[in-house]
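Novice: The structure file structure-v8.cif (mmCIF, C-alpha atoms and all ligand atoms) is provided below.
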data_work
loop_
_atom_site.label_atom_id
_atom_site.label_comp_id
_atom_site.auth_asym_id
_atom_site.auth_seq_id
_atom_site.Cartn_x
_atom_site.Cartn_y
_atom_site.Cartn_z
CA MET F 1 0.00 0.00 0.00
CA LYS F 2 2.82 2.34 0.94
CA GLU F 3 4.75 1.44 -2.23
CA THR F 4 1.75 2.28 -4.40
CA GLY F 5 1.44 5.60 -2.59
CA SER F 6 5.06 6.59 -3.16
CA ALA F 7 4.99 5.46 -6.82
CA ARG F 8 1.97 7.67 -7.36
CA ASN F 9 3.69 10.54 -5.58
CA GLY F 10 6.68 10.08 -7.88
CA GLU F 11 4.48 10.35 -10.96
CA GLN F 12 2.85 13.48 -9.62
CA ALA F 13 6.24 15.06 -8.95
CA ILE F 14 7.39 14.45 -12.54
CA THR F 15 4.13 15.85 -13.93
CA ALA F 16 4.42 18.91 -11.75
CA ARG F 17 8.02 19.56 -12.86
CA ASP F 18 7.05 19.24 -16.54
CA GLU F 19 4.13 21.55 -15.97
CA TYR F 20 6.52 24.06 -14.39
CA ARG F 21 8.81 23.96 -17.46
CA LEU F 22 5.83 24.47 -19.78
CA ASP F 23 4.61 27.26 -17.61
CA GLU F 24 7.98 29.02 -17.68
CA SER F 25 8.47 28.70 -21.46
CA ALA F 26 4.92 29.58 -22.49
CA ARG F 27 4.29 32.29 -19.95
CA THR F 28 2.27 35.29 -21.12
CA ASP F 29 1.15 38.42 -19.31
CA ALA F 30 -2.36 37.00 -19.08
CA ALA F 31 -1.03 33.75 -17.65
CA GLN F 32 0.98 35.61 -15.01
CA ASP F 33 -2.23 37.17 -13.73
CA SER F 34 -4.05 33.88 -13.42
CA VAL F 35 -3.59 31.52 -10.49
CA LEU F 36 -4.80 28.69 -12.76
CA GLU F 37 -1.95 29.26 -15.23
CA HIS F 38 0.76 29.05 -12.62
CA ALA F 39 2.66 25.91 -11.71
CA ALA F 40 1.52 24.82 -8.26
CA THR F 41 4.98 23.78 -7.10
CA GLY F 42 7.94 25.63 -5.72
CA THR F 43 7.35 29.31 -6.07
CA ASN F 44 3.57 29.60 -5.94
CA VAL F 45 2.61 28.36 -2.48
CA ALA F 46 0.46 31.44 -1.85
CA GLY F 47 -1.54 30.84 -5.06
CA LEU F 48 -2.01 27.17 -4.20
CA ARG F 49 -3.17 28.08 -0.71
CA THR F 50 -5.66 30.59 -2.12
CA ALA F 51 -7.05 28.12 -4.65
CA LEU F 52 -7.36 25.35 -2.04
CA GLY F 53 -9.05 27.77 0.35
CA SER F 54 -11.86 28.25 -2.15
CA TYR F 55 -12.98 24.66 -1.54
CA ALA F 56 -15.77 24.94 1.07
CA THR F 57 -15.46 22.38 3.85
CA GLY F 58 -17.00 21.42 7.15
CA VAL F 59 -14.94 21.80 10.30
CA CYS F 60 -13.96 19.12 12.84
CA ILE F 61 -12.12 18.87 16.13
CA VAL F 62 -10.04 15.70 16.25
CA THR F 63 -9.43 14.42 19.76
CA THR F 64 -7.37 11.78 21.49
CA THR F 65 -5.59 11.39 24.84
CA THR F 66 -1.99 11.24 25.99
CA ALA F 67 -0.67 8.01 27.48
CA GLU F 68 -1.51 9.55 30.89
CA GLY F 69 -5.11 10.19 29.80
CA ALA F 70 -4.95 13.99 29.30
CA PRO F 71 -7.30 15.27 26.55
CA ILE F 72 -5.75 16.45 23.25
CA GLY F 73 -7.52 18.09 20.34
CA LEU F 74 -7.16 20.41 17.38
CA THR F 75 -9.33 21.95 14.68
CA VAL F 76 -9.07 20.39 11.20
CA ASN F 77 -10.87 20.77 7.89
CA SER F 78 -8.92 18.01 6.12
CA PHE F 79 -11.40 15.37 7.27
CA ASN F 80 -12.70 13.15 4.50
CA SER F 81 -14.58 9.91 4.02
CA VAL F 82 -12.55 7.09 2.48
CA SER F 83 -14.58 3.86 2.49
CA LEU F 84 -17.96 2.56 3.64
CA GLU F 85 -17.05 -1.14 3.87
CA PRO F 86 -14.85 -1.15 5.83
CA PRO F 87 -15.81 2.22 7.35
CA LEU F 88 -12.70 4.40 6.92
CA VAL F 89 -12.16 8.14 7.32
CA LEU F 90 -9.05 10.34 7.21
CA PHE F 91 -7.58 13.68 8.21
CA SER F 92 -4.18 15.21 7.62
CA LEU F 93 -2.02 16.59 10.38
CA ALA F 94 0.79 19.14 9.91
CA LEU F 95 4.28 17.96 10.78
CA ARG F 96 4.66 21.15 12.80
CA ALA F 97 1.57 20.47 14.96
CA MET F 98 2.39 20.20 18.66
CA SER F 99 0.03 17.23 18.91
CA LEU F 100 1.79 15.28 16.09
CA PRO F 101 3.74 12.86 18.34
CA ILE F 102 0.61 12.06 20.32
CA PHE F 103 -1.53 11.35 17.24
CA GLN F 104 1.29 9.29 15.71
CA GLN F 105 1.20 7.01 18.75
CA ALA F 106 -2.54 7.08 19.41
CA GLU F 107 -4.40 3.80 18.90
CA HIS F 108 -7.72 5.66 18.93
CA PHE F 109 -9.03 9.09 18.04
CA ALA F 110 -12.43 10.75 17.67
CA ILE F 111 -13.59 13.10 14.94
CA ASN F 112 -16.16 15.63 16.15
CA LEU F 113 -18.01 17.13 13.18
CA LEU F 114 -18.85 20.65 14.29
CA SER F 115 -22.22 22.38 14.19
CA ARG F 116 -22.80 26.08 13.72
CA LYS F 117 -23.06 26.43 17.53
CA GLN F 118 -19.39 25.47 17.89
CA THR F 119 -17.60 28.31 16.04
CA ALA F 120 -15.93 29.56 19.24
CA LEU F 121 -14.74 26.04 20.03
CA SER F 122 -13.26 25.71 16.54
CA GLN F 123 -11.38 29.00 17.00
CA ARG F 124 -10.16 27.93 20.43
CA PHE F 125 -8.83 24.57 19.18
CA ALA F 126 -6.90 26.26 16.35
CA LYS F 127 -4.95 28.54 18.73
CA PRO F 128 -1.73 27.62 20.52
CA LEU F 129 -3.26 27.88 24.02
CA ALA F 130 -1.47 26.44 27.06
CA ASP F 131 -4.72 24.94 28.35
CA ARG F 132 -7.04 24.46 25.41
CA TRP F 133 -9.38 22.22 27.43
CA ALA F 134 -9.96 24.58 30.40
CA GLY F 135 -13.74 24.90 30.87
CA VAL F 136 -14.52 22.73 27.81
CA ALA F 137 -17.24 20.15 28.49
CA TYR F 138 -16.79 16.70 27.03
CA GLN F 139 -17.77 13.06 27.47
CA THR F 140 -15.46 10.09 27.19
CA GLY F 141 -16.04 7.75 24.26
CA ARG F 142 -17.04 4.22 25.25
CA ASP F 143 -15.02 2.58 22.47
CA SER F 144 -12.13 4.98 22.03
CA GLY F 145 -11.69 6.61 25.46
CA CYS F 146 -11.38 9.90 23.53
CA PRO F 147 -13.06 13.23 24.36
CA LEU F 148 -16.45 13.64 22.60
CA LEU F 149 -17.78 17.17 22.27
CA PRO F 150 -21.48 17.85 22.95
CA ASP F 151 -23.43 19.74 20.24
CA SER F 152 -21.39 18.09 17.46
CA LEU F 153 -23.34 17.07 14.34
CA ALA F 154 -21.74 13.65 14.43
CA VAL F 155 -18.86 11.99 16.20
CA PHE F 156 -16.80 9.13 14.76
CA GLU F 157 -14.85 7.09 17.31
CA CYS F 158 -11.99 5.54 15.37
CA ALA F 159 -9.21 3.00 15.74
CA ARG F 160 -6.01 3.86 13.85
CA HIS F 161 -6.01 2.02 10.52
CA ALA F 162 -2.96 3.52 8.75
CA VAL F 163 -0.63 6.50 8.78
CA HIS F 164 0.81 7.73 5.46
CA GLU F 165 3.42 10.33 4.63
CA GLY F 166 2.01 13.38 2.88
CA GLY F 167 4.67 16.04 2.32
CA ASP F 168 4.48 18.54 5.16
CA HIS F 169 1.54 16.61 6.67
CA ILE F 170 0.83 13.02 7.65
CA ILE F 171 -2.42 11.38 6.62
CA ILE F 172 -4.12 9.48 9.42
CA VAL F 173 -6.73 6.92 8.40
CA GLY F 174 -9.12 5.61 11.03
CA GLU F 175 -11.62 2.77 11.09
CA VAL F 176 -14.93 4.00 12.53
CA ARG F 177 -15.79 1.84 15.54
CA ARG F 178 -18.74 3.84 16.86
CA LEU F 179 -20.88 6.53 15.29
CA HIS F 180 -22.83 9.18 17.20
CA TRP F 181 -25.36 11.00 15.04
CA THR F 182 -27.32 13.84 16.54
CA GLY F 183 -29.69 14.63 13.68
CA ASN F 184 -29.88 17.48 11.27
CA ALA F 185 -28.32 20.38 13.19
CA GLU F 186 -26.75 23.12 11.07
CA PRO F 187 -23.16 22.42 9.99
CA LEU F 188 -20.29 24.83 10.52
CA VAL F 189 -18.75 25.71 7.14
CA TYR F 190 -15.28 27.10 6.35
CA LEU F 191 -14.43 28.93 3.12
CA ARG F 192 -11.66 31.40 2.17
CA GLY F 193 -10.50 31.70 5.78
CA GLN F 194 -13.97 32.48 7.14
CA TYR F 195 -16.62 30.60 9.08
CA GLY F 196 -20.17 30.55 7.76
CA HIS F 197 -23.23 28.39 7.33
CA PHE F 198 -24.92 26.45 4.54
CA GLN F 199 -27.75 28.07 2.61
CA PRO F 200 -29.52 25.59 0.27
CA GLU F 201 -30.58 26.85 -3.18
CA SER F 202 -34.30 27.53 -3.21
CA ASP F 203 -36.23 25.69 -5.95
C1 LIG N 301 -10.65 25.89 9.90
C2 LIG N 301 -9.27 25.34 10.25
C3 LIG N 301 -8.88 24.12 9.71
C4 LIG N 301 -7.64 23.57 10.03
N1 LIG N 301 -7.29 22.36 9.48
C5 LIG N 301 -6.13 21.78 9.84
C6 LIG N 301 -5.80 20.48 9.34
O1 LIG N 301 -6.56 19.86 8.59
N2 LIG N 301 -4.63 19.93 9.74
C7 LIG N 301 -3.77 20.57 10.59
O2 LIG N 301 -2.73 20.00 10.91
N3 LIG N 301 -4.05 21.81 11.06
C8 LIG N 301 -5.22 22.42 10.73
N4 LIG N 301 -5.54 23.65 11.23
C9 LIG N 301 -4.60 24.33 12.11
C10 LIG N 301 -4.61 23.78 13.53
O3 LIG N 301 -5.92 23.77 14.09
C11 LIG N 301 -3.71 24.66 14.44
O4 LIG N 301 -2.44 24.78 13.85
C12 LIG N 301 -3.59 24.11 15.84
O5 LIG N 301 -3.06 25.12 16.67
C13 LIG N 301 -2.68 22.89 15.91
O6 LIG N 301 -2.70 22.44 17.24
P1 LIG N 301 -1.45 21.71 17.91
O7 LIG N 301 -0.22 22.52 17.51
O8 LIG N 301 -1.74 21.76 19.40
O9 LIG N 301 -1.41 20.32 17.39
C14 LIG N 301 -6.77 24.24 10.92
C15 LIG N 301 -7.17 25.48 11.46
C16 LIG N 301 -8.42 26.00 11.13
C17 LIG N 301 -8.84 27.33 11.74
#
Once more with this new file: its structure as structure tokens, please.

Specialist:
Amino acid sequence: MKETGSARNGEQAITARDEYRLDESARTDAAQDSVLEHAATGTNVAGLRTALGSYATGVCIVTTTTAEGAPIGLTVNSFNSVSLEPPLVLFSLALRAMSLPIFQQAEHFAINLLSRKQTALSQRFAKPLADRWAGVAYQTGRDSGCPLLPDSLAVFECARHAVHEGGDHIIIVGEVRRLHWTGNAEPLVYLRGQYGHFQPESD
């Protein structure tokens, strides 16, 4: 599985380099103004970040515990579904995250899918606070032992399935062992660096 992943990464790297050469040789004034015409590698991290930020996502707080049982958690929007049978989900974690060593070791974690009521919690769990959990209410997951946040839309208690390298992130895949579903509360949405909510198109 890992070999397939790195072979695919290799192919992508070659494609990206070729694209960069094309981009350099065929560059026009119009192309220079367009994020879409720029190579995504090397020099254009800001453009890539801007383009990726225009993909609207939900927001989650991923939680686990230290070996001593202290709660750990951070805000992520890299959550994604992977497979239904078996039930697999993933998120990616920055190599620079303080919680990286704990998640790398963790046998279990929980993904709390946030509702619109939890904007302040999302902001709190994205800041480098000394005591992120002070005053934060949570329950302990029966299967995972991880902190579960009330008012979440859904919570997935997971057992670690795989950890993959992913550039400046690692990709953590979990097998869902228990699902908590609280109904149709309003989701918290994140787009272009801002929180918002979902407004369905009227017919
Ligand atoms: C909406 C939003 C989404 C985020 N998504 C991720 C993510 O997917 N992966 C990640 O590593 N950091 C993500 N972050 C940044 C972390 O929440 C932030 O760096 C946090 O302080 C890391 O905590 P730690 O250093 O205690 O591990 C996100 C931040 C916000 C506001």

Novice: Using CA of Gly141 in chain F and CA of Arg177 in chain F as the two end points, give the distance in Å to one decimal.

Specialist: 10.5 Å

Novice: When distances are computed from only C-alpha atoms, which of F:Lys117, F:Arg160, F:Arg49, F:Arg96 shows the smallest separation from Pro187 in chain F?

Specialist: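 With only C-alpha atoms as the atom set, the closest residue is F:Lys117.
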
Novice: Looking at only C-alpha atoms, which of F:Gly135, F:Pro150, F:Gly58, F:Gly167 is the one that sits closest to Leu95 in chain F?

Specialist: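 Closest to Leu95 in chain F of all the choices is F:Gly167.
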
Novice: Enumerate residues in contact with ligand LIG 301 (chain N): an atom-to-atom distance of at most 8 Å, counting only C-alpha atoms and all ligand atoms. Format the result as a ChimeraX atom specification.

Specialist: /F:59-60,72-79,91-100,122-123,125-129,169,190,193-195

Novice: Could you please determine the separation between CA of Ile111 in chain F and CA of Gln199 in chain F in Å, to one decimal place?

Specialist: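 These atoms are spaced 24.0 Å apart.
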
Novice: Using all atoms listed in the file, can you tell me which of F:Ala185, F:Glu175, F:Cys146, F:Gly196 comes closest to Pro87 in chain F?

Specialist: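 Checking each of F:Ala185, F:Glu175, F:Cys146, F:Gly196 against Pro87 in chain F, counting all atoms listed in the file, the winner is F:Glu175.
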
Novice: How far is it from CA of Leu114 in chain F to CA of Val62 in chain F, in Å with one decimal?

Specialist: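 We find that CA of Leu114 in chain F and CA of Val62 in chain F lie 10.3 Å from each other.
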
Novice: Extract, using all atoms listed in the file, all DNA, RNA and protein residues at most 9 Å from Thr65 in chain F, discarding same-chain residues fewer than 5 positions from it, and format them as JSON, numbers by chain.

Specialist: {"F": [70, 71, 72, 73, 102, 103, 106, 108, 109, 145, 146, 147]}

Novice: Kindly save the residues from that selection, with C-alpha atoms included, as a compact mmCIF listing (two decimals), in the coordinates of the input.

Specialist:
# COMPACT_ATOMS: atom_id res chain seq x y z
CA ALA F 70 -4.95 13.99 29.30
CA PRO F 71 -7.30 15.27 26.55
CA ILE F 72 -5.75 16.45 23.25
CA GLY F 73 -7.52 18.09 20.34
CA ILE F 102 0.61 12.06 20.32
CA PHE F 103 -1.53 11.35 17.24
CA ALA F 106 -2.54 7.08 19.41
CA HIS F 108 -7.72 5.66 18.93
CA PHE F 109 -9.03 9.09 18.04
CA GLY F 145 -11.69 6.61 25.46
CA CYS F 146 -11.38 9.90 23.53
CA PRO F 147 -13.06 13.23 24.36

Novice: Please determine, counting only C-alpha atoms, which residue among F:Ala130, F:Ser144, F:Leu121, F:Ile170 has the shortest atom-to-atom distance to Gly69 in chain F.

Specialist: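 The answer is F:Ser144, which sits nearest to Gly69 in chain F.
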
Novice: Compare F:Ala154, F:Leu84, F:Ala137, F:Ala159 by their minimum atom-to-atom distance to Thr182 in chain F, counting all atoms listed in the file, and give me the closest one.

Specialist: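 With all atoms listed in the file as the atom set, the closest residue is F:Ala154.
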
Novice: Hey, can I get the axis-aligned box for range 116-132 of chain F? All listed atoms, 4 Å padding on each side, centre and edge lengths in Å to one decimal, as lines of an AutoDock Vina configuration file.

Specialist:
center_x = -12.3
center_y = 27.0
center_z = 21.0
size_x = 29.6
size_y = 13.1
size_z = 22.6

Novice: I want to know what sits within 7 Å of Gly174 in chain F, based on all atoms listed in the file, with residues of the same chain fewer than 4 positions away left out; could you give that as a JSON list (two decimals) with C-alpha atoms, in the coordinates of the input?

Specialist:
[["chain", "number", "residue", "atom", "x", "y", "z"],
["F", 88, "LEU", "CA", -12.70, 4.40, 6.92],
["F", 89, "VAL", "CA", -12.16, 8.14, 7.32],
["F", 90, "LEU", "CA", -9.05, 10.34, 7.21],
["F", 158, "CYS", "CA", -11.99, 5.54, 15.37],
["F", 159, "ALA", "CA", -9.21, 3.00, 15.74],
["F", 160, "ARG", "CA", -6.01, 3.86, 13.85],
["F", 161, "HIS", "CA", -6.01, 2.02, 10.52],
["F", 162, "ALA", "CA", -2.96, 3.52, 8.75]]
